[in-house]
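One file, query-v1.cif, carrying mmCIF, C-alpha atoms and all ligand atoms:
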data_work
#
loop_
_atom_site.group_PDB
_atom_site.id
_atom_site.type_symbol
_atom_site.label_atom_id
_atom_site.label_comp_id
_atom_site.auth_asym_id
_atom_site.auth_seq_id
_atom_site.Cartn_x
_atom_site.Cartn_y
_atom_site.Cartn_z
ATOM 1 C CA MET S 1 2.481 15.052 23.718
ATOM 2 C CA ASN S 2 0.145 18.040 23.785
ATOM 3 C CA GLU S 3 -3.027 18.981 25.630
ATOM 4 C CA ALA S 4 -5.408 17.688 22.937
ATOM 5 C CA HIS S 5 -3.705 14.291 23.071
ATOM 6 C CA MET S 6 -4.028 14.172 26.870
ATOM 7 C CA LYS S 7 -7.741 14.990 26.706
ATOM 8 C CA ALA S 8 -8.351 11.863 24.609
ATOM 9 C CA LEU S 9 -6.717 9.762 27.330
ATOM 10 C CA ARG S 10 -7.783 8.488 30.743
ATOM 11 C CA CYS S 11 -5.941 6.852 33.588
ATOM 12 C CA PRO S 12 -5.662 3.126 32.767
ATOM 13 C CA GLN S 13 -5.680 2.294 36.487
ATOM 14 C CA CYS S 14 -8.818 4.131 37.623
ATOM 15 C CA GLY S 15 -10.414 5.645 34.485
ATOM 16 C CA LYS S 16 -10.200 9.255 35.723
ATOM 17 C CA ASN S 17 -9.054 12.180 33.590
ATOM 18 C CA LEU S 18 -5.355 12.948 33.368
ATOM 19 C CA HIS S 19 -3.556 16.237 33.895
ATOM 20 C CA LEU S 20 -0.100 17.717 33.606
ATOM 21 C CA ASN S 21 1.298 19.295 36.770
ATOM 22 C CA GLY S 22 1.080 23.046 36.267
ATOM 23 C CA GLY S 23 -1.015 22.572 33.111
ATOM 24 C CA PHE S 24 -0.063 23.079 29.474
ATOM 25 C CA THR S 25 0.867 26.461 28.082
ATOM 26 C CA PRO S 26 -0.918 27.032 24.718
ATOM 27 C CA GLY S 27 0.648 24.912 21.978
ATOM 28 C CA GLU S 28 3.094 23.247 24.370
ATOM 29 C CA GLU S 29 4.534 19.838 23.422
ATOM 30 C CA ILE S 30 5.897 17.746 26.282
ATOM 31 C CA VAL S 31 8.887 15.620 25.260
ATOM 32 C CA ASP S 32 9.751 14.073 28.632
ATOM 33 C CA GLY S 33 7.622 14.458 31.741
ATOM 34 C CA GLN S 34 4.741 12.979 33.649
ATOM 35 C CA ILE S 35 0.954 13.122 33.666
ATOM 36 C CA SER S 36 -1.246 11.941 36.506
ATOM 37 C CA CYS S 37 -4.851 11.499 37.583
ATOM 38 C CA GLU S 38 -6.560 12.980 40.638
ATOM 39 C CA LYS S 39 -5.845 9.758 42.554
ATOM 40 C CA GLY S 40 -2.126 10.299 42.043
ATOM 41 C CA HIS S 41 -1.488 7.500 39.534
ATOM 42 C CA ALA S 42 1.461 8.869 37.566
ATOM 43 C CA TRP S 43 2.482 8.010 34.001
ATOM 44 C CA ASP S 44 5.703 8.852 32.200
ATOM 45 C CA ILE S 45 6.027 10.662 28.904
ATOM 46 C CA THR S 46 9.204 9.659 27.089
ATOM 47 C CA ASN S 47 10.222 11.226 23.807
ATOM 48 C CA ARG S 48 6.655 12.663 23.375
ATOM 49 C CA ILE S 49 4.960 9.274 23.919
ATOM 50 C CA PRO S 50 2.976 8.697 27.138
ATOM 51 C CA SER S 51 3.339 5.220 28.692
ATOM 52 C CA LEU S 52 -0.054 4.037 29.899
ATOM 53 C CA VAL S 53 0.210 0.267 30.172
ATOM 54 C CA TYR S 54 -1.756 -1.157 33.074
ATOM 55 C CA PRO S 55 -1.928 -3.847 34.371
ATOM 56 C CA GLN S 56 1.266 -5.662 33.450
ATOM 57 C CA ILE S 57 1.407 -7.452 30.094
ATOM 58 C CA ARG S 58 0.561 -11.183 30.276
ATOM 59 C CA LYS S 59 3.340 -13.638 29.494
ATOM 60 C CA GLU S 60 1.694 -14.998 26.348
ATOM 61 C CA ASP S 61 1.301 -11.452 24.928
ATOM 62 C CA ALA S 62 4.785 -10.388 26.033
ATOM 63 C CA LYS S 63 6.233 -13.156 23.865
ATOM 64 C CA TRP S 64 4.604 -11.627 20.754
ATOM 65 C CA ILE S 65 5.551 -8.094 21.732
ATOM 66 C CA ALA S 66 9.200 -9.150 22.043
ATOM 67 C CA GLU S 67 8.949 -10.476 18.465
ATOM 68 C CA TYR S 68 7.383 -7.232 17.214
ATOM 69 C CA ASP S 69 10.071 -5.193 18.957
ATOM 70 C CA GLU S 70 12.685 -7.365 17.307
ATOM 71 C CA MET S 71 11.222 -7.077 13.797
ATOM 72 C CA ALA S 72 10.051 -3.418 13.981
ATOM 73 C CA GLU S 73 12.808 -1.942 11.808
ATOM 74 C CA LYS S 74 12.357 -4.687 9.182
ATOM 75 C CA TYR S 75 8.554 -4.819 9.400
ATOM 76 C CA ASP S 76 7.701 -2.774 6.285
ATOM 77 C CA GLU S 77 10.126 -4.824 4.222
ATOM 78 C CA LEU S 78 8.619 -8.047 5.590
ATOM 79 C CA VAL S 79 5.121 -6.830 4.621
ATOM 80 C CA LYS S 80 6.391 -6.333 1.043
ATOM 81 C CA GLN S 81 7.607 -9.943 0.992
ATOM 82 C CA TYR S 82 4.293 -11.060 2.488
ATOM 83 C CA SER S 83 2.494 -9.178 -0.312
ATOM 84 C CA GLU S 84 4.450 -11.094 -2.943
ATOM 85 C CA PHE S 85 3.719 -14.400 -1.238
ATOM 86 C CA LEU S 86 -0.026 -13.629 -1.126
ATOM 87 C CA GLY S 87 -0.134 -12.080 -4.599
ATOM 88 C CA VAL S 88 -1.727 -8.900 -3.296
ATOM 89 C CA ASP S 89 -0.368 -5.433 -2.541
ATOM 90 C CA LEU S 90 -1.188 -5.202 1.175
ATOM 91 C CA MET S 91 -0.309 -1.502 1.251
ATOM 92 C CA GLU S 92 -2.450 -0.627 -1.767
ATOM 93 C CA GLU S 93 -5.388 -2.634 -0.393
ATOM 94 C CA ARG S 94 -5.466 -0.599 2.808
ATOM 95 C CA SER S 95 -7.028 2.250 0.840
ATOM 96 C CA ASN S 96 -10.213 0.145 1.092
ATOM 97 C CA PHE S 97 -10.644 1.687 4.569
ATOM 98 C CA SER S 98 -11.510 5.013 2.971
ATOM 99 C CA GLN S 99 -15.056 3.692 2.354
ATOM 100 C CA PHE S 100 -15.672 4.090 6.113
ATOM 101 C CA ILE S 101 -14.617 7.749 6.232
ATOM 102 C CA PRO S 102 -17.527 10.223 6.319
ATOM 103 C CA ILE S 103 -17.415 12.407 3.206
ATOM 104 C CA GLU S 104 -17.100 15.646 5.168
ATOM 105 C CA GLY S 105 -16.508 17.047 8.624
ATOM 106 C CA PRO S 106 -14.032 16.191 11.365
ATOM 107 C CA VAL S 107 -13.182 12.519 11.955
ATOM 108 C CA ARG S 108 -11.457 11.025 14.991
ATOM 109 C CA ILE S 109 -9.671 7.767 14.222
ATOM 110 C CA ILE S 110 -7.664 5.445 16.437
ATOM 111 C CA ASP S 111 -5.506 2.597 15.192
ATOM 112 C CA VAL S 112 -5.248 0.491 18.355
ATOM 113 C CA SER S 113 -2.212 -1.496 17.122
ATOM 114 C CA ILE S 114 -0.613 1.082 14.885
ATOM 115 C CA GLY S 115 2.524 -0.932 14.100
ATOM 116 C CA THR S 116 4.486 1.123 11.583
ATOM 117 C CA ALA S 117 1.563 3.505 10.842
ATOM 118 C CA ALA S 118 0.782 1.819 7.509
ATOM 119 C CA ASN S 119 -2.973 2.458 7.800
ATOM 120 C CA PHE S 120 -2.457 6.190 8.284
ATOM 121 C CA MET S 121 0.009 6.317 5.387
ATOM 122 C CA ALA S 122 -2.712 4.732 3.234
ATOM 123 C CA LEU S 123 -5.226 7.262 4.576
ATOM 124 C CA TYR S 124 -2.853 10.016 3.494
ATOM 125 C CA ASP S 125 -2.611 8.537 0.001
ATOM 126 C CA SER S 126 -6.405 8.710 -0.320
ATOM 127 C CA PHE S 127 -7.072 12.019 1.466
ATOM 128 C CA LYS S 128 -3.929 14.123 0.962
ATOM 129 C CA LYS S 129 -5.683 17.462 0.733
ATOM 130 C CA GLN S 130 -8.155 16.701 3.512
ATOM 131 C CA MET S 131 -5.799 15.533 6.265
ATOM 132 C CA GLY S 132 -6.772 18.602 8.305
ATOM 133 C CA ARG S 133 -10.161 17.022 9.063
ATOM 134 C CA PHE S 134 -8.599 14.035 10.799
ATOM 135 C CA ASN S 135 -7.692 13.749 14.457
ATOM 136 C CA LEU S 136 -5.459 10.667 14.432
ATOM 137 C CA HIS S 137 -4.395 8.500 17.362
ATOM 138 C CA GLY S 138 -2.137 5.465 17.331
ATOM 139 C CA MET S 139 -1.517 3.025 20.169
ATOM 140 C CA ASP S 140 0.784 0.022 20.357
ATOM 141 C CA LEU S 141 2.296 -2.244 22.967
ATOM 142 C CA SER S 142 5.605 -2.491 21.110
ATOM 143 C CA THR S 143 7.959 0.402 21.766
ATOM 144 C CA GLY S 144 9.964 -0.691 18.711
ATOM 145 C CA MET S 145 6.925 -0.313 16.464
ATOM 146 C CA LEU S 146 6.047 3.059 18.037
ATOM 147 C CA LYS S 147 9.553 4.297 17.353
ATOM 148 C CA VAL S 148 9.272 3.394 13.664
ATOM 149 C CA SER S 149 5.808 5.000 13.478
ATOM 150 C CA GLN S 150 7.050 8.188 15.086
ATOM 151 C CA ARG S 151 9.972 8.467 12.700
ATOM 152 C CA LYS S 152 7.722 7.985 9.660
ATOM 153 C CA ILE S 153 5.032 10.389 10.897
ATOM 154 C CA ASP S 154 7.616 13.089 11.692
ATOM 155 C CA LYS S 155 8.472 13.169 7.986
ATOM 156 C CA MET S 156 4.831 13.731 6.995
ATOM 157 C CA ASP S 157 2.750 16.908 7.077
ATOM 158 C CA PHE S 158 0.077 15.393 9.312
ATOM 159 C CA ASP S 159 0.252 14.448 12.967
ATOM 160 C CA VAL S 160 -0.660 11.300 14.899
ATOM 161 C CA SER S 161 -0.834 11.235 18.706
ATOM 162 C CA LEU S 162 1.080 8.104 19.729
ATOM 163 C CA THR S 163 0.510 6.238 22.992
ATOM 164 C CA TYR S 164 2.201 3.204 24.512
ATOM 165 C CA GLY S 165 -0.768 1.174 25.695
ATOM 166 C CA SER S 166 -2.562 -2.136 25.410
ATOM 167 C CA VAL S 167 -5.734 -2.992 23.554
ATOM 168 C CA PHE S 168 -6.829 -5.009 26.608
ATOM 169 C CA ASN S 169 -7.125 -1.785 28.589
ATOM 170 C CA PRO S 170 -6.690 1.128 26.186
ATOM 171 C CA PRO S 171 -6.147 4.353 28.146
ATOM 172 C CA TYR S 172 -8.703 6.394 26.178
ATOM 173 C CA GLN S 173 -12.019 8.054 26.918
ATOM 174 C CA SER S 174 -15.155 6.059 26.106
ATOM 175 C CA ASN S 175 -17.362 6.998 23.120
ATOM 176 C CA PHE S 176 -14.585 9.174 21.720
ATOM 177 C CA PHE S 177 -13.739 7.918 18.229
ATOM 178 C CA ASP S 178 -15.612 7.843 14.928
ATOM 179 C CA ILE S 179 -13.472 4.957 13.723
ATOM 180 C CA VAL S 180 -11.658 2.339 15.806
ATOM 181 C CA LEU S 181 -9.316 0.351 13.613
ATOM 182 C CA HIS S 182 -7.344 -2.793 14.275
ATOM 183 C CA THR S 183 -5.388 -4.698 11.631
ATOM 184 C CA GLY S 184 -3.122 -7.680 11.876
ATOM 185 C CA GLY S 185 -2.774 -8.745 15.509
ATOM 186 C CA ILE S 186 -5.998 -10.018 16.992
ATOM 187 C CA ASN S 187 -5.611 -13.681 15.968
ATOM 188 C CA THR S 188 -2.802 -14.064 18.488
ATOM 189 C CA PHE S 189 -4.252 -11.926 21.315
ATOM 190 C CA SER S 190 -4.622 -13.730 24.663
ATOM 191 C CA ASP S 191 -8.048 -12.148 25.270
ATOM 192 C CA ILE S 192 -9.869 -11.507 21.995
ATOM 193 C CA HIS S 193 -13.189 -10.855 23.702
ATOM 194 C CA GLY S 194 -11.600 -8.296 26.031
ATOM 195 C CA ALA S 195 -9.933 -6.518 23.092
ATOM 196 C CA LEU S 196 -13.164 -6.337 21.046
ATOM 197 C CA ASN S 197 -15.092 -5.153 24.082
ATOM 198 C CA GLU S 198 -12.641 -2.310 24.619
ATOM 199 C CA MET S 199 -12.714 -1.319 20.950
ATOM 200 C CA LEU S 200 -16.493 -1.033 21.223
ATOM 201 C CA ARG S 201 -16.137 1.076 24.382
ATOM 202 C CA LEU S 202 -13.934 3.592 22.536
ATOM 203 C CA VAL S 203 -16.210 4.092 19.535
ATOM 204 C CA LYS S 204 -19.021 6.691 19.421
ATOM 205 C CA SER S 205 -22.579 5.447 18.949
ATOM 206 C CA SER S 206 -22.438 6.876 15.406
ATOM 207 C CA GLY S 207 -19.038 5.287 14.710
ATOM 208 C CA VAL S 208 -17.684 1.965 13.524
ATOM 209 C CA VAL S 209 -15.136 -0.615 14.684
ATOM 210 C CA ILE S 210 -13.112 -2.250 11.901
ATOM 211 C CA VAL S 211 -11.101 -5.413 12.624
ATOM 212 C CA VAL S 212 -8.959 -7.103 9.983
ATOM 213 C CA ASP S 213 -6.644 -10.088 10.342
ATOM 214 C CA GLU S 214 -5.327 -13.137 8.510
ATOM 215 C CA GLY S 215 -8.039 -15.616 7.574
ATOM 216 C CA LEU S 216 -8.922 -16.948 4.135
ATOM 217 C CA SER S 217 -12.423 -16.642 2.731
ATOM 218 C CA PRO S 218 -14.442 -19.898 2.554
ATOM 219 C CA ARG S 219 -13.955 -19.875 -1.232
ATOM 220 C CA MET S 220 -10.190 -19.274 -1.076
ATOM 221 C CA ARG S 221 -9.727 -22.135 1.440
ATOM 222 C CA LYS S 222 -10.889 -24.611 -1.187
ATOM 223 C CA THR S 223 -8.442 -23.488 -3.879
ATOM 224 C CA ASP S 224 -4.885 -24.801 -4.430
ATOM 225 C CA LYS S 225 -3.620 -21.301 -3.774
ATOM 226 C CA GLY S 226 -5.519 -21.166 -0.460
ATOM 227 C CA ARG S 227 -4.248 -24.574 0.635
ATOM 228 C CA GLY S 228 -0.698 -23.474 -0.223
ATOM 229 C CA ILE S 229 -1.052 -20.290 1.831
ATOM 230 C CA ILE S 230 -2.324 -22.199 4.878
ATOM 231 C CA LYS S 231 0.422 -24.796 4.519
ATOM 232 C CA ALA S 232 3.029 -22.013 4.567
ATOM 233 C CA ASN S 233 1.424 -20.050 7.400
ATOM 234 C CA LYS S 234 -1.148 -21.515 9.785
ATOM 235 C CA LEU S 235 -2.379 -18.048 10.784
ATOM 236 C CA PHE S 236 -4.384 -17.961 7.542
ATOM 237 C CA GLU S 237 -6.516 -20.815 8.864
ATOM 238 C CA ALA S 238 -8.111 -18.370 11.315
ATOM 239 C CA ARG S 239 -11.787 -17.518 10.999
ATOM 240 C CA PRO S 240 -13.440 -14.249 12.009
ATOM 241 C CA PRO S 241 -13.666 -14.499 15.836
ATOM 242 C CA LEU S 242 -17.434 -14.017 15.933
ATOM 243 C CA GLN S 243 -17.753 -16.030 19.155
ATOM 244 C CA PHE S 244 -15.810 -13.288 20.953
ATOM 245 C CA LEU S 245 -17.926 -10.350 19.808
ATOM 246 C CA PRO S 246 -19.316 -8.190 22.612
ATOM 247 C CA ILE S 247 -22.998 -8.940 23.258
ATOM 248 C CA LYS S 248 -23.757 -5.268 22.657
ATOM 249 C CA ALA S 249 -22.148 -5.196 19.193
ATOM 250 C CA GLN S 250 -24.611 -4.383 16.427
ATOM 251 C CA ASN S 251 -24.722 -4.240 12.641
ATOM 252 C CA LEU S 252 -22.010 -6.864 12.236
ATOM 253 C CA GLU S 253 -20.701 -7.267 8.712
ATOM 254 C CA VAL S 254 -18.086 -9.823 7.698
ATOM 255 C CA SER S 255 -16.260 -9.673 4.399
ATOM 256 C CA TYR S 256 -12.902 -10.722 2.978
ATOM 257 C CA VAL S 257 -10.251 -8.267 1.833
ATOM 258 C CA MET S 258 -6.670 -8.398 0.544
ATOM 259 C CA ASN S 259 -7.681 -10.722 -2.261
ATOM 260 C CA GLU S 260 -9.728 -12.884 0.139
ATOM 261 C CA THR S 261 -6.758 -13.607 2.408
ATOM 262 C CA PHE S 262 -7.875 -11.479 5.388
ATOM 263 C CA TYR S 263 -11.270 -11.318 7.073
ATOM 264 C CA GLN S 264 -12.801 -7.960 7.903
ATOM 265 C CA MET S 265 -15.392 -7.553 10.646
ATOM 266 C CA THR S 266 -17.144 -4.255 11.142
ATOM 267 C CA PHE S 267 -19.616 -3.514 13.911
ATOM 268 C CA THR S 268 -21.162 -0.627 15.790
ATOM 269 C CA LYS S 269 -22.609 0.171 19.241
HETATM 270 C C1 LIG Z 301 1.083 -7.740 12.630
HETATM 271 S S1 LIG Z 301 1.346 -6.227 13.455
HETATM 272 C C2 LIG Z 301 0.225 -5.180 12.577
HETATM 273 C C3 LIG Z 301 0.613 -3.742 12.622
HETATM 274 C C4 LIG Z 301 -0.317 -2.798 11.842
HETATM 275 N N1 LIG Z 301 -1.630 -2.744 12.436
HETATM 276 C C5 LIG Z 301 -0.432 -3.220 10.399
HETATM 277 O O1 LIG Z 301 -1.535 -3.528 9.954
HETATM 278 O O2 LIG Z 301 0.612 -3.211 9.710
HETATM 279 C C6 LIG Z 301 0.512 -6.421 15.018
HETATM 280 C C7 LIG Z 301 0.676 -5.228 15.939
HETATM 281 O O3 LIG Z 301 -0.120 -5.437 17.103
HETATM 282 C C8 LIG Z 301 0.594 -4.916 18.206
HETATM 283 N N2 LIG Z 301 0.054 -5.489 19.439
HETATM 284 C C9 LIG Z 301 0.160 -6.752 19.897
HETATM 285 N N3 LIG Z 301 -0.472 -6.887 21.072
HETATM 286 C C10 LIG Z 301 -1.003 -5.675 21.377
HETATM 287 C C11 LIG Z 301 -1.775 -5.172 22.459
HETATM 288 N N4 LIG Z 301 -2.139 -5.945 23.482
HETATM 289 N N5 LIG Z 301 -2.144 -3.877 22.438
HETATM 290 C C12 LIG Z 301 -1.796 -3.062 21.409
HETATM 291 N N6 LIG Z 301 -1.061 -3.491 20.336
HETATM 292 C C13 LIG Z 301 -0.671 -4.777 20.334
HETATM 293 C C14 LIG Z 301 2.021 -5.332 17.899
HETATM 294 O O4 LIG Z 301 2.963 -4.663 18.680
HETATM 295 C C15 LIG Z 301 2.102 -5.013 16.414
HETATM 296 O O5 LIG Z 301 2.490 -3.686 16.183
HETATM 297 ZN ZN ZN Z 302 -5.831 6.908 38.246
#
Output the structure of this file as structure tokens.
Ligand SMILES: C[S@@+](CC[C@H](N)C(=O)[O-])C[C@H]1O[C@@H](n2cnc3c(N)ncnc32)[C@H](O)[C@@H]1O
Ligand SMILES: [Zn+2]
Amino acid sequence: MNEAHMKALRCPQCGKNLHLNGGFTPGEEIVDGQISCEKGHAWDITNRIPSLVYPQIRKEDAKWIAEYDEMAEKYDELVKQYSEFLGVDLMEERSNFSQFIPIEGPVRIIDVSIGTAANFMALYDSFKKQMGRFNLHGMDLSTGMLKVSQRKIDKMDFDVSLTYGSVFNPPYQSNFFDIVLHTGGINTFSDIHGALNEMLRLVKSSGVVIVVDEGLSPRMRKTDKGRGIIKANKLFEARPPLQFLPIKAQNLEVSYVMNETFYQMTFTK
């Protein structure tokens, strides 16, 4: 991790800024070490990734994380199979996010459950020559997924600052990001309201939160194809979790993407 990455972060225990003992020398990348806050809460950096999970993961979330750790290396292949089952190229469809990117100027984006970095790979496909304008951050609670992300990103000519953290208490500064993105996990989160609240905390007042997960459109539910999808995987029964939106969320828009198999909620501060 480098100094710019650390400045985006905050102590997940007390919310104070973090620092590296002795400070960073210009351009320095820390591979293994420790950062801490002024209260002395210390956090490890392992293989360039800071570990900022606090408090402990709940049992019901830990069960899912163990599954993601287990499937991390096979995840991209599984998504391909999922695409065939749904009749939609889930990778190709991610380029739909580019509509939320301002047409010029610097853009800070965080993917709060980065998985295998698929959203940033899609961003690259759409913005190859402009990647220099993006300041990209990726967080995940699965070390297996982070490892796959890191390996993929290392082969690319853009960088993503990776953090081991939880969407229930993301260790980032408030009002920091232009785009806060979450795809694919929220339906099974133990505290959906808490996660959405935190996503709203991270976004700037001029920014947008984008949340996408399995959930068929009302039209698709009534078709044979839709019924077949739900029969094969109950997750697609989910509806946009509007009841868990933060009270302060504004400009809510709900639509259906991935050939009407996933809902998309966008909202602002
Ligand atoms: C279905 S995968 C989606 C990955 C990626 N966003 C995508 O669209 O391909 C769900 C991801 O959510 C992550 N996740 C689950 N609970 C989390 C939490 N509390 N905080 C951060 N990430 C979490 C999992 O580790 C996994 O990488
Ligand atoms: Zn602290």
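Proximal residues of ligand ZN 302 (chain Z) are Leu9, Arg10, Cys11, Pro12, Gln13, Cys14, Gly15, Lys16, Asn17, Leu18, His19, Ile35, Ser36, Cys37, Glu38, Lys39, Gly40, His41, Ala42, Trp43, Leu52, Tyr54 and Pro171 of chain S, by a cut-off of 12 Å on all atoms listed in the file.
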Inset, instruction - Quick one: everything within 8 Å of stretch 88-95 of chain S, counting all atoms listed in the file, minus sequence neighbours fewer than 6 positions away in the same chain. Send it as a PyMOL selection string. - result: chain S and resi 79-80+118-119+122-123+125-126+257-259
Cut-off 8 Å: closest chain S/ligand LIG 301 (chain Z) atom pairs per residue, using only C-alpha atoms and all ligand atoms, as JSON lines:
{"residue": "S:Ile57", "atom": "CA", "partner": "Z:LIG301", "partner_atom": "N4", "distance": 7.7}
{"residue": "S:Asp61", "atom": "CA", "partner": "Z:LIG301", "partner_atom": "N3", "distance": 6.2}
{"residue": "S:Trp64", "atom": "CA", "partner": "Z:LIG301", "partner_atom": "C9", "distance": 6.7}
{"residue": "S:Ile65", "atom": "CA", "partner": "Z:LIG301", "partner_atom": "O4", "distance": 5.3}
{"residue": "S:Tyr68", "atom": "CA", "partner": "Z:LIG301", "partner_atom": "O4", "distance": 5.3}
{"residue": "S:Asp69", "atom": "CA", "partner": "Z:LIG301", "partner_atom": "O4", "distance": 7.1}
{"residue": "S:Ala72", "atom": "CA", "partner": "Z:LIG301", "partner_atom": "O5", "distance": 7.9}
{"residue": "S:Asp76", "atom": "CA", "partner": "Z:LIG301", "partner_atom": "O2", "distance": 7.9}
{"residue": "S:Val79", "atom": "CA", "partner": "Z:LIG301", "partner_atom": "O2", "distance": 7.7}
{"residue": "S:Asp111", "atom": "CA", "partner": "Z:LIG301", "partner_atom": "N1", "distance": 7.2}
{"residue": "S:Val112", "atom": "CA", "partner": "Z:LIG301", "partner_atom": "C12", "distance": 5.8}
{"residue": "S:Ser113", "atom": "CA", "partner": "Z:LIG301", "partner_atom": "N6", "distance": 4.0}
{"residue": "S:Ile114", "atom": "CA", "partner": "Z:LIG301", "partner_atom": "N1", "distance": 4.7}
{"residue": "S:Gly115", "atom": "CA", "partner": "Z:LIG301", "partner_atom": "O5", "distance": 3.5}
{"residue": "S:Thr116", "atom": "CA", "partner": "Z:LIG301", "partner_atom": "O2", "distance": 6.1}
{"residue": "S:Ala117", "atom": "CA", "partner": "Z:LIG301", "partner_atom": "C4", "distance": 6.7}
{"residue": "S:Ala118", "atom": "CA", "partner": "Z:LIG301", "partner_atom": "O2", "distance": 5.5}
{"residue": "S:Asn119", "atom": "CA", "partner": "Z:LIG301", "partner_atom": "O1", "distance": 6.5}
{"residue": "S:Met139", "atom": "CA", "partner": "Z:LIG301", "partner_atom": "C12", "distance": 6.2}
{"residue": "S:Asp140", "atom": "CA", "partner": "Z:LIG301", "partner_atom": "N6", "distance": 4.0}
{"residue": "S:Leu141", "atom": "CA", "partner": "Z:LIG301", "partner_atom": "N6", "distance": 4.4}
{"residue": "S:Ser142", "atom": "CA", "partner": "Z:LIG301", "partner_atom": "O4", "distance": 4.2}
{"residue": "S:Thr143", "atom": "CA", "partner": "Z:LIG301", "partner_atom": "O4", "distance": 7.8}
{"residue": "S:Met145", "atom": "CA", "partner": "Z:LIG301", "partner_atom": "O5", "distance": 5.6}
{"residue": "S:Leu146", "atom": "CA", "partner": "Z:LIG301", "partner_atom": "O5", "distance": 7.8}
{"residue": "S:Gly165", "atom": "CA", "partner": "Z:LIG301", "partner_atom": "C12", "distance": 6.1}
{"residue": "S:Ser166", "atom": "CA", "partner": "Z:LIG301", "partner_atom": "N5", "distance": 3.5}
{"residue": "S:Val167", "atom": "CA", "partner": "Z:LIG301", "partner_atom": "N5", "distance": 3.9}
{"residue": "S:Phe168", "atom": "CA", "partner": "Z:LIG301", "partner_atom": "N4", "distance": 5.7}
{"residue": "S:Pro170", "atom": "CA", "partner": "Z:LIG301", "partner_atom": "N5", "distance": 7.7}
{"residue": "S:His182", "atom": "CA", "partner": "Z:LIG301", "partner_atom": "N1", "distance": 6.0}
{"residue": "S:Thr183", "atom": "CA", "partner": "Z:LIG301", "partner_atom": "N1", "distance": 4.3}
{"residue": "S:Gly184", "atom": "CA", "partner": "Z:LIG301", "partner_atom": "C2", "distance": 4.2}
{"residue": "S:Gly185", "atom": "CA", "partner": "Z:LIG301", "partner_atom": "C6", "distance": 4.1}
{"residue": "S:Ile186", "atom": "CA", "partner": "Z:LIG301", "partner_atom": "O3", "distance": 7.5}
{"residue": "S:Thr188", "atom": "CA", "partner": "Z:LIG301", "partner_atom": "N3", "distance": 8.0}
{"residue": "S:Phe189", "atom": "CA", "partner": "Z:LIG301", "partner_atom": "N3", "distance": 6.3}
{"residue": "S:Ala195", "atom": "CA", "partner": "Z:LIG301", "partner_atom": "N4", "distance": 7.8}
Save the residues we just selected, C-alpha atoms, as a PDB file, in the coordinates of the input?
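For reference, result_7.pdb as written:
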ATOM      1  CA  ILE S  57       1.407  -7.452  30.094  1.00  0.00           C
ATOM      2  CA  ASP S  61       1.301 -11.452  24.928  1.00  0.00           C
ATOM      3  CA  TRP S  64       4.604 -11.627  20.754  1.00  0.00           C
ATOM      4  CA  ILE S  65       5.551  -8.094  21.732  1.00  0.00           C
ATOM      5  CA  TYR S  68       7.383  -7.232  17.214  1.00  0.00           C
ATOM      6  CA  ASP S  69      10.071  -5.193  18.957  1.00  0.00           C
ATOM      7  CA  ALA S  72      10.051  -3.418  13.981  1.00  0.00           C
ATOM      8  CA  ASP S  76       7.701  -2.774   6.285  1.00  0.00           C
ATOM      9  CA  VAL S  79       5.121  -6.830   4.621  1.00  0.00           C
ATOM     10  CA  ASP S 111      -5.506   2.597  15.192  1.00  0.00           C
ATOM     11  CA  VAL S 112      -5.248   0.491  18.355  1.00  0.00           C
ATOM     12  CA  SER S 113      -2.212  -1.496  17.122  1.00  0.00           C
ATOM     13  CA  ILE S 114      -0.613   1.082  14.885  1.00  0.00           C
ATOM     14  CA  GLY S 115       2.524  -0.932  14.100  1.00  0.00           C
ATOM     15  CA  THR S 116       4.486   1.123  11.583  1.00  0.00           C
ATOM     16  CA  ALA S 117       1.563   3.505  10.842  1.00  0.00           C
ATOM     17  CA  ALA S 118       0.782   1.819   7.509  1.00  0.00           C
ATOM     18  CA  ASN S 119      -2.973   2.458   7.800  1.00  0.00           C
ATOM     19  CA  MET S 139      -1.517   3.025  20.169  1.00  0.00           C
ATOM     20  CA  ASP S 140       0.784   0.022  20.357  1.00  0.00           C
ATOM     21  CA  LEU S 141       2.296  -2.244  22.967  1.00  0.00           C
ATOM     22  CA  SER S 142       5.605  -2.491  21.110  1.00  0.00           C
ATOM     23  CA  THR S 143       7.959   0.402  21.766  1.00  0.00           C
ATOM     24  CA  MET S 145       6.925  -0.313  16.464  1.00  0.00           C
ATOM     25  CA  LEU S 146       6.047   3.059  18.037  1.00  0.00           C
ATOM     26  CA  GLY S 165      -0.768   1.174  25.695  1.00  0.00           C
ATOM     27  CA  SER S 166      -2.562  -2.136  25.410  1.00  0.00           C
ATOM     28  CA  VAL S 167      -5.734  -2.992  23.554  1.00  0.00           C
ATOM     29  CA  PHE S 168      -6.829  -5.009  26.608  1.00  0.00           C
ATOM     30  CA  PRO S 170      -6.690   1.128  26.186  1.00  0.00           C
ATOM     31  CA  HIS S 182      -7.344  -2.793  14.275  1.00  0.00           C
ATOM     32  CA  THR S 183      -5.388  -4.698  11.631  1.00  0.00           C
ATOM     33  CA  GLY S 184      -3.122  -7.680  11.876  1.00  0.00           C
ATOM     34  CA  GLY S 185      -2.774  -8.745  15.509  1.00  0.00           C
ATOM     35  CA  ILE S 186      -5.998 -10.018  16.992  1.00  0.00           C
ATOM     36  CA  THR S 188      -2.802 -14.064  18.488  1.00  0.00           C
ATOM     37  CA  PHE S 189      -4.252 -11.926  21.315  1.00  0.00           C
ATOM     38  CA  ALA S 195      -9.933  -6.518  23.092  1.00  0.00           C
TER      39      ALA S 195
END
Legend entry - Within 10 Å of file point (4.6, 22.2, 23.4), counting only C-alpha atoms, expressed as number ranges by chain: S: 1-3, 24-31, 48
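Atom pair atom CA of S:Gly138 / atom CA of S:Leu162 has a distance of 4.8 Å (rounded to one decimal).
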